[in-house]
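Visitor: Contents of run.txt (compact mmCIF, C-alpha atoms):
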```
# COMPACT_ATOMS: atom_id res chain seq x y z
CA MET C 1 10.92 68.06 35.41
CA SER C 2 9.22 64.88 34.31
CA ALA C 3 9.20 63.85 30.66
CA LYS C 4 5.66 65.15 30.22
CA GLU C 5 6.53 68.44 31.92
CA LYS C 6 9.46 68.83 29.51
CA GLN C 7 7.03 68.26 26.65
CA GLY C 8 4.75 70.88 28.17
CA PHE C 9 7.63 73.35 28.38
CA GLY C 10 8.35 72.87 24.69
CA LEU C 11 4.66 73.19 23.91
CA TYR C 12 4.59 76.47 25.85
CA PHE C 13 7.19 78.00 23.53
CA LEU C 14 5.40 76.67 20.46
CA ILE C 15 2.13 78.30 21.52
CA ALA C 16 3.63 81.52 22.92
CA PHE C 17 5.67 82.13 19.77
CA GLY C 18 3.22 80.74 17.25
CA LEU C 19 0.20 82.75 18.37
CA ALA C 20 2.23 85.89 19.05
CA TRP C 21 3.96 85.84 15.69
CA LEU C 22 0.62 85.36 13.95
CA CYS C 23 -0.71 88.42 15.79
CA GLN C 24 2.43 90.41 15.05
CA VAL C 25 2.48 89.61 11.35
CA GLY C 26 -1.25 90.20 11.02
CA GLY C 27 -1.04 93.54 12.82
CA CYS C 28 1.95 94.61 10.75
CA MET C 29 0.19 93.73 7.50
CA ALA C 30 -2.86 95.74 8.61
CA LEU C 31 -0.60 98.72 9.22
CA LEU C 32 1.51 98.38 6.09
CA GLN C 33 -1.19 97.49 3.58
CA GLN C 34 -4.32 99.11 5.01
CA LYS C 35 -2.76 101.88 7.14
CA ASN C 36 -4.96 100.57 9.95
CA ALA C 37 -3.19 101.74 13.11
CA VAL C 38 -6.08 100.69 15.35
CA LEU C 39 -5.95 97.08 14.21
CA TYR C 40 -2.18 97.14 14.59
CA GLN C 41 -2.44 98.34 18.20
CA LEU C 42 -5.08 95.70 18.97
CA ALA C 43 -2.76 93.05 17.53
CA LEU C 44 0.03 94.28 19.81
CA ILE C 45 -2.23 93.99 22.86
CA ALA C 46 -3.30 90.49 21.80
CA THR C 47 0.37 89.58 21.37
CA MET C 48 1.11 90.46 24.98
CA PHE C 49 -1.49 87.97 26.23
CA CYS C 50 -0.16 85.03 24.18
CA PRO C 51 2.35 83.89 26.87
CA LEU C 52 -0.44 83.88 29.46
CA LEU C 53 -2.66 81.85 27.16
CA ALA C 54 0.20 79.44 26.49
CA VAL C 55 0.69 78.85 30.23
CA LEU C 56 -3.01 78.18 30.76
CA LEU C 57 -3.21 75.74 27.85
CA VAL C 58 -0.10 73.84 28.92
CA GLN C 59 -0.75 73.69 32.66
CA LYS C 60 -4.53 73.37 32.74
CA VAL C 61 -5.25 71.45 29.53
CA PHE C 62 -2.10 69.48 28.68
CA LEU C 63 -0.67 68.75 32.15
CA ARG C 64 -3.82 69.27 34.21
CA GLN C 65 -1.80 70.94 36.94
CA PRO C 66 -2.08 74.22 38.85
CA VAL C 67 -0.64 77.17 36.96
CA GLY C 68 1.87 77.75 39.75
CA ILE C 69 1.94 81.55 39.49
CA GLY C 70 2.16 83.79 42.55
CA TRP C 71 -1.02 85.86 42.29
CA LYS C 72 -1.05 87.06 45.89
CA VAL C 73 -0.30 90.74 46.53
CA GLN C 74 2.71 90.45 48.82
CA GLY C 75 6.37 91.30 49.17
CA LYS C 76 8.33 94.01 50.94
CA ARG C 77 7.47 97.60 50.14
CA ARG C 78 10.93 98.40 48.78
CA PHE C 79 10.47 95.94 45.92
CA TRP C 80 7.12 97.48 44.97
CA LEU C 81 8.72 100.93 45.03
CA ALA C 82 11.63 99.67 42.94
CA ALA C 83 9.17 98.24 40.41
CA TRP C 84 7.19 101.47 40.23
CA PHE C 85 10.03 104.01 40.07
CA GLY C 86 13.06 102.00 39.02
CA PRO C 87 12.34 102.18 35.26
CA ALA C 88 12.22 105.99 35.47
CA VAL C 89 15.58 106.03 37.25
CA PHE C 90 17.19 103.79 34.63
CA THR C 91 15.65 105.87 31.84
CA LEU C 92 17.11 109.05 33.33
CA LEU C 93 20.53 107.49 33.87
CA GLY C 94 20.58 106.09 30.35
CA ALA C 95 19.66 109.44 28.81
CA VAL C 96 22.30 111.28 30.87
CA LEU C 97 24.95 108.78 29.79
CA TYR C 98 23.94 109.02 26.13
CA PHE C 99 24.00 112.82 26.05
CA ALA C 100 27.29 112.83 27.95
CA VAL C 101 28.74 110.81 25.07
CA PHE C 102 26.89 112.78 22.36
CA PRO C 103 26.23 116.26 23.80
CA SER C 104 25.66 117.71 20.31
CA ARG C 105 22.50 115.59 19.94
CA LEU C 106 20.74 117.19 22.90
CA ASP C 107 18.05 119.38 21.36
CA PHE C 108 15.93 121.72 23.50
CA SER C 109 14.30 123.46 20.53
CA GLY C 110 11.28 121.16 20.43
CA SER C 111 12.04 120.05 16.87
CA TRP C 112 10.99 116.48 17.66
CA LEU C 113 7.58 117.72 18.77
CA VAL C 114 7.28 119.82 15.62
CA ALA C 115 7.97 116.77 13.47
CA ALA C 116 5.58 114.60 15.48
CA TYR C 117 2.68 116.99 16.04
CA GLY C 118 3.33 120.12 13.96
CA GLY C 119 2.60 123.64 15.11
CA GLU C 120 4.78 126.14 16.91
CA MET C 121 7.07 124.62 19.47
CA ASP C 122 9.69 126.17 21.73
CA ALA C 123 11.72 125.32 24.80
CA GLN C 124 8.81 126.15 27.14
CA THR C 125 6.49 123.80 25.24
CA LEU C 126 9.13 121.08 25.41
CA ARG C 127 9.51 121.52 29.18
CA SER C 128 5.73 121.35 29.66
CA TYR C 129 5.54 118.22 27.52
CA LEU C 130 8.32 116.52 29.47
CA LEU C 131 6.83 117.49 32.82
CA GLN C 132 3.26 116.45 32.07
CA ASN C 133 4.10 113.22 30.28
CA GLY C 134 6.88 112.40 32.70
CA LEU C 135 4.63 112.76 35.74
CA PHE C 136 1.93 110.66 34.10
CA ALA C 137 4.44 107.98 33.06
CA VAL C 138 5.96 107.76 36.54
CA ILE C 139 2.91 108.14 38.77
CA LEU C 140 -0.16 106.76 36.96
CA ALA C 141 0.90 104.77 33.90
CA PRO C 142 2.47 101.81 35.77
CA ALA C 143 -0.93 100.98 37.31
CA ILE C 144 -2.60 101.13 33.90
CA ASN C 145 0.07 99.38 31.86
CA MET C 146 0.53 96.52 34.31
CA PHE C 147 -2.62 94.77 33.06
CA PRO C 148 -1.45 94.11 29.47
CA ALA C 149 2.10 93.58 30.82
CA LEU C 150 0.70 90.86 33.09
CA GLY C 151 0.02 88.75 30.00
CA GLU C 152 3.74 88.57 29.32
CA GLU C 153 4.90 88.39 32.92
CA VAL C 154 2.88 85.28 33.70
CA GLY C 155 4.57 83.52 30.78
CA TRP C 156 8.12 84.82 30.91
CA ARG C 157 8.86 85.49 34.56
CA GLY C 158 6.18 83.33 36.20
CA TYR C 159 6.50 80.20 34.04
CA MET C 160 9.60 80.31 31.82
CA MET C 161 12.30 81.71 34.10
CA PRO C 162 11.99 79.26 37.03
CA ARG C 163 12.36 76.36 34.59
CA LEU C 164 15.27 77.87 32.68
CA LYS C 165 17.14 78.62 35.90
CA GLU C 166 16.50 75.11 37.16
CA ARG C 167 17.90 73.65 33.94
CA PHE C 168 20.76 76.04 33.10
CA GLY C 169 21.59 77.87 36.32
CA LEU C 170 21.00 81.47 37.37
CA LEU C 171 23.21 83.39 34.93
CA ASN C 172 22.74 81.16 31.88
CA GLY C 173 19.02 80.90 32.55
CA ARG C 174 18.66 84.67 32.62
CA LEU C 175 20.83 85.07 29.53
CA LEU C 176 18.77 82.52 27.61
CA GLY C 177 15.51 83.97 28.91
CA GLY C 178 16.51 87.43 27.70
CA VAL C 179 17.37 86.13 24.24
CA VAL C 180 14.10 84.19 24.01
CA TRP C 181 12.12 87.26 25.02
CA GLY C 182 14.03 89.41 22.55
CA VAL C 183 13.57 87.04 19.61
CA TRP C 184 9.84 86.89 20.39
CA HIS C 185 9.68 90.57 19.29
CA TRP C 186 11.67 90.16 16.07
CA PRO C 187 8.77 90.06 13.54
CA LEU C 188 7.63 93.50 14.72
CA MET C 189 11.16 94.84 14.46
CA LEU C 190 11.78 93.46 10.99
CA LEU C 191 8.41 94.35 9.49
CA VAL C 192 7.59 97.79 10.90
CA GLY C 193 10.72 98.90 12.73
CA TYR C 194 9.43 98.32 16.26
CA GLU C 195 11.57 100.24 18.79
CA TYR C 196 14.35 101.50 16.47
CA GLY C 197 12.58 102.31 13.20
CA THR C 198 13.60 100.92 9.83
CA ASN C 199 16.43 103.31 8.94
CA TYR C 200 19.04 103.28 11.69
CA LEU C 201 22.70 102.56 12.24
CA GLY C 202 23.40 98.90 11.49
CA ALA C 203 19.82 98.11 10.48
CA PRO C 204 18.36 95.57 10.81
CA VAL C 205 20.94 93.27 12.43
CA LEU C 206 22.30 95.64 15.08
CA GLY C 207 18.82 96.40 16.36
CA LEU C 208 17.98 92.71 16.75
CA VAL C 209 21.16 92.11 18.75
CA VAL C 210 20.87 95.22 20.93
CA TRP C 211 17.25 94.40 21.68
CA CYS C 212 18.28 90.99 23.04
CA VAL C 213 20.85 92.71 25.27
CA VAL C 214 18.13 95.05 26.54
CA CYS C 215 15.79 92.12 27.11
CA PHE C 216 18.47 90.27 29.09
CA ALA C 217 18.95 93.28 31.37
CA LEU C 218 15.23 93.88 31.86
CA ASN C 219 14.43 90.18 32.14
CA THR C 220 17.01 89.86 34.91
CA LEU C 221 15.57 92.73 36.95
CA LEU C 222 11.98 91.58 36.47
CA ASP C 223 12.94 88.03 37.38
CA LEU C 224 14.67 89.28 40.51
CA LEU C 225 11.55 91.21 41.54
CA TYR C 226 9.45 88.08 41.14
CA GLU C 227 11.97 86.02 43.11
CA LYS C 228 11.96 88.49 45.99
CA THR C 229 8.19 88.95 46.23
CA GLU C 230 6.67 85.79 44.69
CA SER C 231 3.97 88.13 43.38
CA ILE C 232 3.57 88.39 39.61
CA TRP C 233 2.03 91.84 40.04
CA VAL C 234 5.40 93.33 40.97
CA PRO C 235 7.23 92.57 37.69
CA ALA C 236 4.02 93.46 35.84
CA ILE C 237 4.12 96.94 37.39
CA ALA C 238 7.80 97.31 36.52
CA HIS C 239 7.16 96.15 32.96
CA GLY C 240 4.27 98.59 32.64
CA ALA C 241 6.35 101.41 34.08
CA PHE C 242 9.16 100.70 31.63
CA ASN C 243 6.76 100.73 28.69
CA ALA C 244 5.37 104.06 29.88
CA ILE C 245 8.62 105.95 30.36
CA VAL C 246 10.98 104.39 27.84
CA ALA C 247 10.25 106.69 24.88
CA LEU C 248 10.31 110.02 26.74
CA PRO C 249 14.03 110.88 26.19
CA GLN C 250 13.47 110.64 22.44
CA VAL C 251 11.86 114.09 22.42
CA LEU C 252 15.24 115.56 23.36
CA ILE C 253 16.85 114.72 20.02
CA ALA C 254 16.40 116.22 16.57
CA PRO C 255 14.37 114.03 14.17
CA ALA C 256 17.43 113.52 11.97
CA ASP C 257 19.27 111.92 14.90
CA ALA C 258 16.71 109.10 15.03
CA TYR C 259 19.23 107.29 12.82
CA TYR C 260 21.18 106.66 16.04
CA ASN C 261 18.22 105.41 18.12
CA VAL C 262 19.89 102.03 18.37
CA LEU C 263 22.50 103.74 20.59
CA GLY C 264 20.12 105.86 22.71
CA PRO C 265 18.89 108.09 24.33
CA MET C 266 16.05 105.72 25.22
CA PRO C 267 17.16 102.96 27.64
CA ILE C 268 16.75 100.45 24.83
CA GLY C 269 19.86 101.82 23.09
CA LEU C 270 23.28 100.20 23.21
CA ILE C 271 24.78 103.06 25.23
CA SER C 272 21.78 104.07 27.31
CA VAL C 273 21.08 100.48 28.43
CA LEU C 274 24.47 100.27 30.15
CA PRO C 275 23.27 101.43 33.62
CA MET C 276 20.46 98.86 33.64
CA LEU C 277 22.76 96.19 32.23
CA ALA C 278 25.44 96.88 34.86
CA VAL C 279 22.92 96.56 37.70
CA ALA C 280 21.44 93.38 36.21
CA VAL C 281 24.83 91.70 35.85
CA GLY C 282 26.02 92.93 39.24
CA LEU C 283 22.95 91.64 41.07
CA THR C 284 23.14 88.28 39.30
CA LEU C 285 26.82 87.83 40.15
CA HIS C 286 26.07 88.81 43.75
CA GLN C 287 23.31 86.19 43.93
CA MET C 288 25.64 83.55 42.50
CA LYS C 289 28.28 84.40 45.08
CA GLN C 290 25.74 84.15 47.90
CA GLU C 291 24.53 80.77 46.65
CA GLN C 292 28.07 79.43 46.65
```
When written as structure tokens, how does the structure in this file appear?

Guide:
Amino acid sequence: MSAKEKQGFGLYFLIAFGLAWLCQVGGCMALLQQKNAVLYQLALIATMFCPLLAVLLVQKVFLRQPVGIGWKVQGKRRFWLAAWFGPAVFTLLGAVLYFAVFPSRLDFSGSWLVAAYGGEMDAQTLRSYLLQNGLFAVILAPAINMFPALGEEVGWRGYMMPRLKERFGLLNGRLLGGVVWGVWHWPLMLLVGYEYGTNYLGAPVLGLVVWCVVCFALNTLLDLLYEKTESIWVPAIAHGAFNAIVALPQVLIAPADAYYNVLGPMPIGLISVLPMLAVAVGLTLHQMKQEQ
């Protein structure tokens, strides 16, 4: 990178973090002080587009260069299928691993649904909920969620990761990219308990650390999909699919066990992320070996 391009890279982080953290803090304050959940959700959506805006401002305004993102719909079918269905597979594997370690926390009574929605719940209601929401999350939601996810993917996988890998190498670049992506979410986690809640094992430090581990694993897989297809739509679909399916295993625990959310059963827990983390590390090491 030239000196000006290095300046642009630094400016990208300044804009992507600065605007996103303003949105996050503003949305959190709306939720905490005014109980305005709608404004909070709108702030979250705006946050996801901040990396895209940062890329446009840096490349088009500051550097006056092409954005350099692969917008074309291309790539082998197996990578598109992996993007669409892979998050569901990792979610299932993570939940199975978590409940294998903590079988006593598997709750088929529907108590989570009772706490969330009230009313009479039983095992049949729970099965219907899992089936309906699971099918929607796997089949339809990736196509819907990919549009807000695209705002992040353009910035993180399309712009940031190629430059980090060029500067620090494949493994270190992906490690650093995962940490950067994780820290970008920290205001939400600290203010309103994004992902793990506010009362959990090791709060708030353990959640911040585990989230960066999760982001490294997911960042690696999304980066690999972009490498293989050179189409930003593929990691956007995978990101959207992950967002759609990630919370589903939570309905299989009792509300009191939410204290252990930082461990699982969602794939963002320290135990349930292990299948995704193992694949991410294994694929990266395999790539490094091939390059040598």

Visitor: Have a look at C:Trp21, C:Val154, C:Arg77, C:Asp122 and name the one nearest to C:Leu53; count all atoms listed in the file.

Guide: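 Among the listed residues, C:Val154 lies closest to C:Leu53.
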
Visitor: Write out as a ChimeraX atom specification which residues come within 6 Å of stretch 247-255 of chain C when counting all atoms listed in the file, dropping same-chain ones fewer than 6 positions away.

Guide: /C:105-107,111-112,265-266

Visitor: Write the selection just made, keeping C-alpha atoms, as a PDB file, in the frame of the given file?

Guide:
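part.pdb, written as the output of this step:
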```
ATOM      1  CA  ARG C 105      22.500 115.590  19.940  1.00  0.00           C
ATOM      2  CA  LEU C 106      20.740 117.190  22.900  1.00  0.00           C
ATOM      3  CA  ASP C 107      18.050 119.380  21.360  1.00  0.00           C
ATOM      4  CA  SER C 111      12.040 120.050  16.870  1.00  0.00           C
ATOM      5  CA  TRP C 112      10.990 116.480  17.660  1.00  0.00           C
ATOM      6  CA  PRO C 265      18.890 108.090  24.330  1.00  0.00           C
ATOM      7  CA  MET C 266      16.050 105.720  25.220  1.00  0.00           C
TER       8      MET C 266
END
```

Visitor: Within 12 Å of C:Val281, counting only C-alpha atoms, which residues show up once you throw out same-chain ones fewer than 5 positions away? Write them as a list in words, please.

Guide: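 So, after excluding close chain neighbours, the residues are Leu170, Leu171, Asn172, Arg174, Leu175, Val213, Val214, Phe216, Ala217, Leu218, Asn219, Thr220, Leu221, Leu224, Leu274, Pro275, Met276, His286, Gln287 and Met288 of chain C.
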
Visitor: Between C:Gly177, C:Gly155, C:Gly110, C:Gly134, which has the minimum distance to C:Tyr12 (counting only C-alpha atoms)?

Guide: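 Closest candidate: C:Gly155.
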
Visitor: With distances taken over all atoms listed in the file, which of C:Ala115, C:Ala241, C:Leu14, C:Leu222 is nearest to C:Arg157?

Guide: C:Leu222

Visitor: Can you patch up stretch 76-87 of chain C, filling it in to all heavy atoms, and show the result as a PDB file, in the frame of the given file?

Guide:
```pdb
ATOM      1  N   LYS C  76       7.934  92.814  50.205  1.00  0.00           N
ATOM      2  CA  LYS C  76       8.330  94.010  50.940  1.00  0.00           C
ATOM      3  C   LYS C  76       8.112  95.264  50.105  1.00  0.00           C
ATOM      4  O   LYS C  76       8.227  95.242  48.879  1.00  0.00           O
ATOM      5  CB  LYS C  76       9.791  93.897  51.351  1.00  0.00           C
ATOM      6  CG  LYS C  76      10.035  92.782  52.370  1.00  0.00           C
ATOM      7  CD  LYS C  76      11.481  92.728  52.810  1.00  0.00           C
ATOM      8  CE  LYS C  76      11.679  91.623  53.855  1.00  0.00           C
ATOM      9  NZ  LYS C  76      13.095  91.522  54.302  1.00  0.00           N
ATOM     10  N   ARG C  77       7.827  96.342  50.803  1.00  0.00           N
ATOM     11  CA  ARG C  77       7.470  97.600  50.140  1.00  0.00           C
ATOM     12  C   ARG C  77       8.582  98.095  49.218  1.00  0.00           C
ATOM     13  O   ARG C  77       8.315  98.663  48.168  1.00  0.00           O
ATOM     14  CB  ARG C  77       7.159  98.658  51.194  1.00  0.00           C
ATOM     15  CG  ARG C  77       6.663  99.979  50.615  1.00  0.00           C
ATOM     16  CD  ARG C  77       6.382 100.988  51.721  1.00  0.00           C
ATOM     17  NE  ARG C  77       5.395 100.466  52.659  1.00  0.00           N
ATOM     18  CZ  ARG C  77       5.039 101.080  53.780  1.00  0.00           C
ATOM     19  NH1 ARG C  77       5.630 102.231  54.118  1.00  0.00           N
ATOM     20  NH2 ARG C  77       4.123 100.557  54.567  1.00  0.00           N
ATOM     21  N   ARG C  78       9.831  97.862  49.591  1.00  0.00           N
ATOM     22  CA  ARG C  78      10.930  98.400  48.780  1.00  0.00           C
ATOM     23  C   ARG C  78      10.954  97.792  47.374  1.00  0.00           C
ATOM     24  O   ARG C  78      11.371  98.450  46.421  1.00  0.00           O
ATOM     25  CB  ARG C  78      12.271  98.188  49.482  1.00  0.00           C
ATOM     26  CG  ARG C  78      12.730  96.761  49.638  1.00  0.00           C
ATOM     27  CD  ARG C  78      14.139  96.738  50.205  1.00  0.00           C
ATOM     28  NE  ARG C  78      14.673  95.401  50.403  1.00  0.00           N
ATOM     29  CZ  ARG C  78      14.601  94.715  51.529  1.00  0.00           C
ATOM     30  NH1 ARG C  78      13.985  95.251  52.580  1.00  0.00           N
ATOM     31  NH2 ARG C  78      15.118  93.503  51.629  1.00  0.00           N
ATOM     32  N   PHE C  79      10.493  96.560  47.239  1.00  0.00           N
ATOM     33  CA  PHE C  79      10.470  95.940  45.920  1.00  0.00           C
ATOM     34  C   PHE C  79       9.332  96.518  45.065  1.00  0.00           C
ATOM     35  O   PHE C  79       9.480  96.676  43.841  1.00  0.00           O
ATOM     36  CB  PHE C  79      10.346  94.429  46.041  1.00  0.00           C
ATOM     37  CG  PHE C  79      11.522  93.792  46.722  1.00  0.00           C
ATOM     38  CD1 PHE C  79      11.375  93.121  47.927  1.00  0.00           C
ATOM     39  CD2 PHE C  79      12.792  93.885  46.177  1.00  0.00           C
ATOM     40  CE1 PHE C  79      12.454  92.548  48.570  1.00  0.00           C
ATOM     41  CE2 PHE C  79      13.895  93.309  46.800  1.00  0.00           C
ATOM     42  CZ  PHE C  79      13.720  92.647  48.005  1.00  0.00           C
ATOM     43  N   TRP C  80       8.216  96.834  45.692  1.00  0.00           N
ATOM     44  CA  TRP C  80       7.120  97.480  44.970  1.00  0.00           C
ATOM     45  C   TRP C  80       7.546  98.882  44.522  1.00  0.00           C
ATOM     46  O   TRP C  80       7.254  99.295  43.386  1.00  0.00           O
ATOM     47  CB  TRP C  80       5.884  97.565  45.863  1.00  0.00           C
ATOM     48  CG  TRP C  80       5.195  96.252  46.057  1.00  0.00           C
ATOM     49  CD1 TRP C  80       5.539  95.265  46.935  1.00  0.00           C
ATOM     50  CD2 TRP C  80       4.059  95.744  45.345  1.00  0.00           C
ATOM     51  NE1 TRP C  80       4.689  94.187  46.832  1.00  0.00           N
ATOM     52  CE2 TRP C  80       3.764  94.457  45.863  1.00  0.00           C
ATOM     53  CE3 TRP C  80       3.246  96.269  44.335  1.00  0.00           C
ATOM     54  CZ2 TRP C  80       2.707  93.684  45.395  1.00  0.00           C
ATOM     55  CZ3 TRP C  80       2.176  95.499  43.873  1.00  0.00           C
ATOM     56  CH2 TRP C  80       1.918  94.227  44.397  1.00  0.00           C
ATOM     57  N   LEU C  81       8.241  99.600  45.395  1.00  0.00           N
ATOM     58  CA  LEU C  81       8.720 100.930  45.030  1.00  0.00           C
ATOM     59  C   LEU C  81       9.763 100.855  43.915  1.00  0.00           C
ATOM     60  O   LEU C  81       9.774 101.685  43.005  1.00  0.00           O
ATOM     61  CB  LEU C  81       9.316 101.630  46.255  1.00  0.00           C
ATOM     62  CG  LEU C  81       8.319 102.026  47.351  1.00  0.00           C
ATOM     63  CD1 LEU C  81       9.056 102.576  48.571  1.00  0.00           C
ATOM     64  CD2 LEU C  81       7.316 103.058  46.826  1.00  0.00           C
ATOM     65  N   ALA C  82      10.634  99.855  43.987  1.00  0.00           N
ATOM     66  CA  ALA C  82      11.630  99.670  42.940  1.00  0.00           C
ATOM     67  C   ALA C  82      10.960  99.374  41.604  1.00  0.00           C
ATOM     68  O   ALA C  82      11.381  99.866  40.550  1.00  0.00           O
ATOM     69  CB  ALA C  82      12.590  98.541  43.312  1.00  0.00           C
ATOM     70  N   ALA C  83       9.899  98.568  41.644  1.00  0.00           N
ATOM     71  CA  ALA C  83       9.170  98.240  40.410  1.00  0.00           C
ATOM     72  C   ALA C  83       8.502  99.474  39.826  1.00  0.00           C
ATOM     73  O   ALA C  83       8.490  99.678  38.603  1.00  0.00           O
ATOM     74  CB  ALA C  83       8.127  97.158  40.702  1.00  0.00           C
ATOM     75  N   TRP C  84       7.945 100.312  40.689  1.00  0.00           N
ATOM     76  CA  TRP C  84       7.190 101.470  40.230  1.00  0.00           C
ATOM     77  C   TRP C  84       8.098 102.578  39.688  1.00  0.00           C
ATOM     78  O   TRP C  84       7.834 103.159  38.635  1.00  0.00           O
ATOM     79  CB  TRP C  84       6.336 102.018  41.373  1.00  0.00           C
ATOM     80  CG  TRP C  84       5.137 102.811  40.916  1.00  0.00           C
ATOM     81  CD1 TRP C  84       5.140 104.042  40.326  1.00  0.00           C
ATOM     82  CD2 TRP C  84       3.764 102.407  40.989  1.00  0.00           C
ATOM     83  NE1 TRP C  84       3.863 104.445  40.045  1.00  0.00           N
ATOM     84  CE2 TRP C  84       2.991 103.455  40.434  1.00  0.00           C
ATOM     85  CE3 TRP C  84       3.119 101.284  41.477  1.00  0.00           C
ATOM     86  CZ2 TRP C  84       1.598 103.405  40.363  1.00  0.00           C
ATOM     87  CZ3 TRP C  84       1.742 101.228  41.397  1.00  0.00           C
ATOM     88  CH2 TRP C  84       0.999 102.277  40.850  1.00  0.00           C
ATOM     89  N   PHE C  85       9.192 102.856  40.409  1.00  0.00           N
ATOM     90  CA  PHE C  85      10.030 104.010  40.070  1.00  0.00           C
ATOM     91  C   PHE C  85      11.374 103.653  39.452  1.00  0.00           C
ATOM     92  O   PHE C  85      12.030 104.516  38.870  1.00  0.00           O
ATOM     93  CB  PHE C  85      10.259 104.860  41.334  1.00  0.00           C
ATOM     94  CG  PHE C  85       9.002 105.413  41.930  1.00  0.00           C
ATOM     95  CD1 PHE C  85       8.493 104.911  43.116  1.00  0.00           C
ATOM     96  CD2 PHE C  85       8.307 106.428  41.283  1.00  0.00           C
ATOM     97  CE1 PHE C  85       7.323 105.423  43.667  1.00  0.00           C
ATOM     98  CE2 PHE C  85       7.125 106.940  41.822  1.00  0.00           C
ATOM     99  CZ  PHE C  85       6.643 106.436  43.011  1.00  0.00           C
ATOM    100  N   GLY C  86      11.778 102.399  39.576  1.00  0.00           N
ATOM    101  CA  GLY C  86      13.060 102.000  39.020  1.00  0.00           C
ATOM    102  C   GLY C  86      13.209 102.249  37.533  1.00  0.00           C
ATOM    103  O   GLY C  86      14.248 102.771  37.089  1.00  0.00           O
ATOM    104  N   PRO C  87      12.208 101.911  36.699  1.00  0.00           N
ATOM    105  CA  PRO C  87      12.340 102.180  35.260  1.00  0.00           C
ATOM    106  C   PRO C  87      12.586 103.653  34.940  1.00  0.00           C
ATOM    107  O   PRO C  87      13.343 103.968  34.013  1.00  0.00           O
ATOM    108  CB  PRO C  87      10.994 101.706  34.701  1.00  0.00           C
ATOM    109  CG  PRO C  87      10.580 100.612  35.633  1.00  0.00           C
ATOM    110  CD  PRO C  87      11.016 101.092  36.995  1.00  0.00           C
TER     111      PRO C  87
END
```
